[in-house]
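Read the structure below first, then the notes.
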Amino acid sequence: MSSQPNFGGEFWLADSAGTLTEIDGVLSAAFPNPTRGTYRTSNHKTTGGHTYKAEALPEPGTFTVRIQYDSGSATDLLLLDAYTDKEPRAYRRVFPGGSGNRMLDGEAILTNYQVQDQALEGQQEAILTFQGSGGVTPADA
């Protein structure tokens with residue numbers, strides 16, 4: 001098994017009307033990191049160590065996207081609107097895969113829109129933090 005090149009990733013986020021719009025200037029995008037909680041099922045007759053079962057629903061997790069920041073751009077306005085929205089919005093993560101591009105579709109809430117320092121040189125960046133809501137659907141792009 002070999003890894004695929006990273007170049008060519010995309011991140012899309014729905015606007016207030018539900019239309020997926022590509023976020024400009026994506027520098028990096030993490031994948032959702034779901035986790036599943038457990039609960040202890042041990043009792044006084046358990047031997048050999050505690051026993052556990054998995055919770056029915058996994059926690060969809062958080063993920064980040066790093067972008068080139070451009071104040072007042074269409075991407076900036078979309079993100080500011082998404083930040084004020086309390087409801088999850090659809091997103092799409094496109095990335096290279098073994099047989100061509102793959103994608104993940106899901107819903108998330110933008111919980112942090114962190115614009116980085118405005119340095120004397122170089123480009124200004126922003127880090128977007130999302131809380132996943134529900135599951136994700138993987139597919140060929």
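As shown in the structure tokens, the chain order sets the letters A, B, ...; within each chain, residues go from 1, and ligands are also counted from 1 in the order they appear.
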
- Task: Might you pull out every residue within 6 Å of segment 5-18 of chain A, with only C-alpha atoms counted and same-chain residues fewer than 3 positions away left off, and present them as a VMD selection string?
- Result: chain A and resid 21 to 23 89 to 95

- as JSON, numbers by chain, please: all residues of segment 16-101 of chain A that backbone DSSP puts in strand (DSSP E or B). {"A": [20, 21, 22, 26, 27, 28, 29, 35, 38, 39, 40, 52, 53, 54, 59, 62, 63, 64, 65, 66, 67, 68, 89, 90, 91, 92, 93, 94, 95, 96, 97, 100, 101]}

Please, which residues of chain A, numbered as in this document, come out alpha helix (DSSP H) from DSSP, as a JSON list (two decimals) with C-alpha atoms, in the first residue's frame?
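Result file follows (result_3.json):
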```
[["chain", "number", "residue", "atom", "x", "y", "z"],
["A", 74, "ALA", "CA", -16.51, 36.00, -1.13],
["A", 75, "THR", "CA", -14.89, 33.24, 0.97],
["A", 76, "ASP", "CA", -14.50, 35.59, 3.95],
["A", 77, "LEU", "CA", -18.15, 36.65, 3.74],
["A", 78, "LEU", "CA", -19.32, 33.03, 3.44],
["A", 79, "LEU", "CA", -17.28, 32.06, 6.50],
["A", 80, "LEU", "CA", -18.50, 35.02, 8.56],
["A", 81, "ASP", "CA", -22.09, 34.06, 7.68],
["A", 82, "ALA", "CA", -21.44, 30.40, 8.56],
["A", 83, "TYR", "CA", -19.91, 31.41, 11.89],
["A", 84, "THR", "CA", -23.09, 33.23, 12.93]]
```
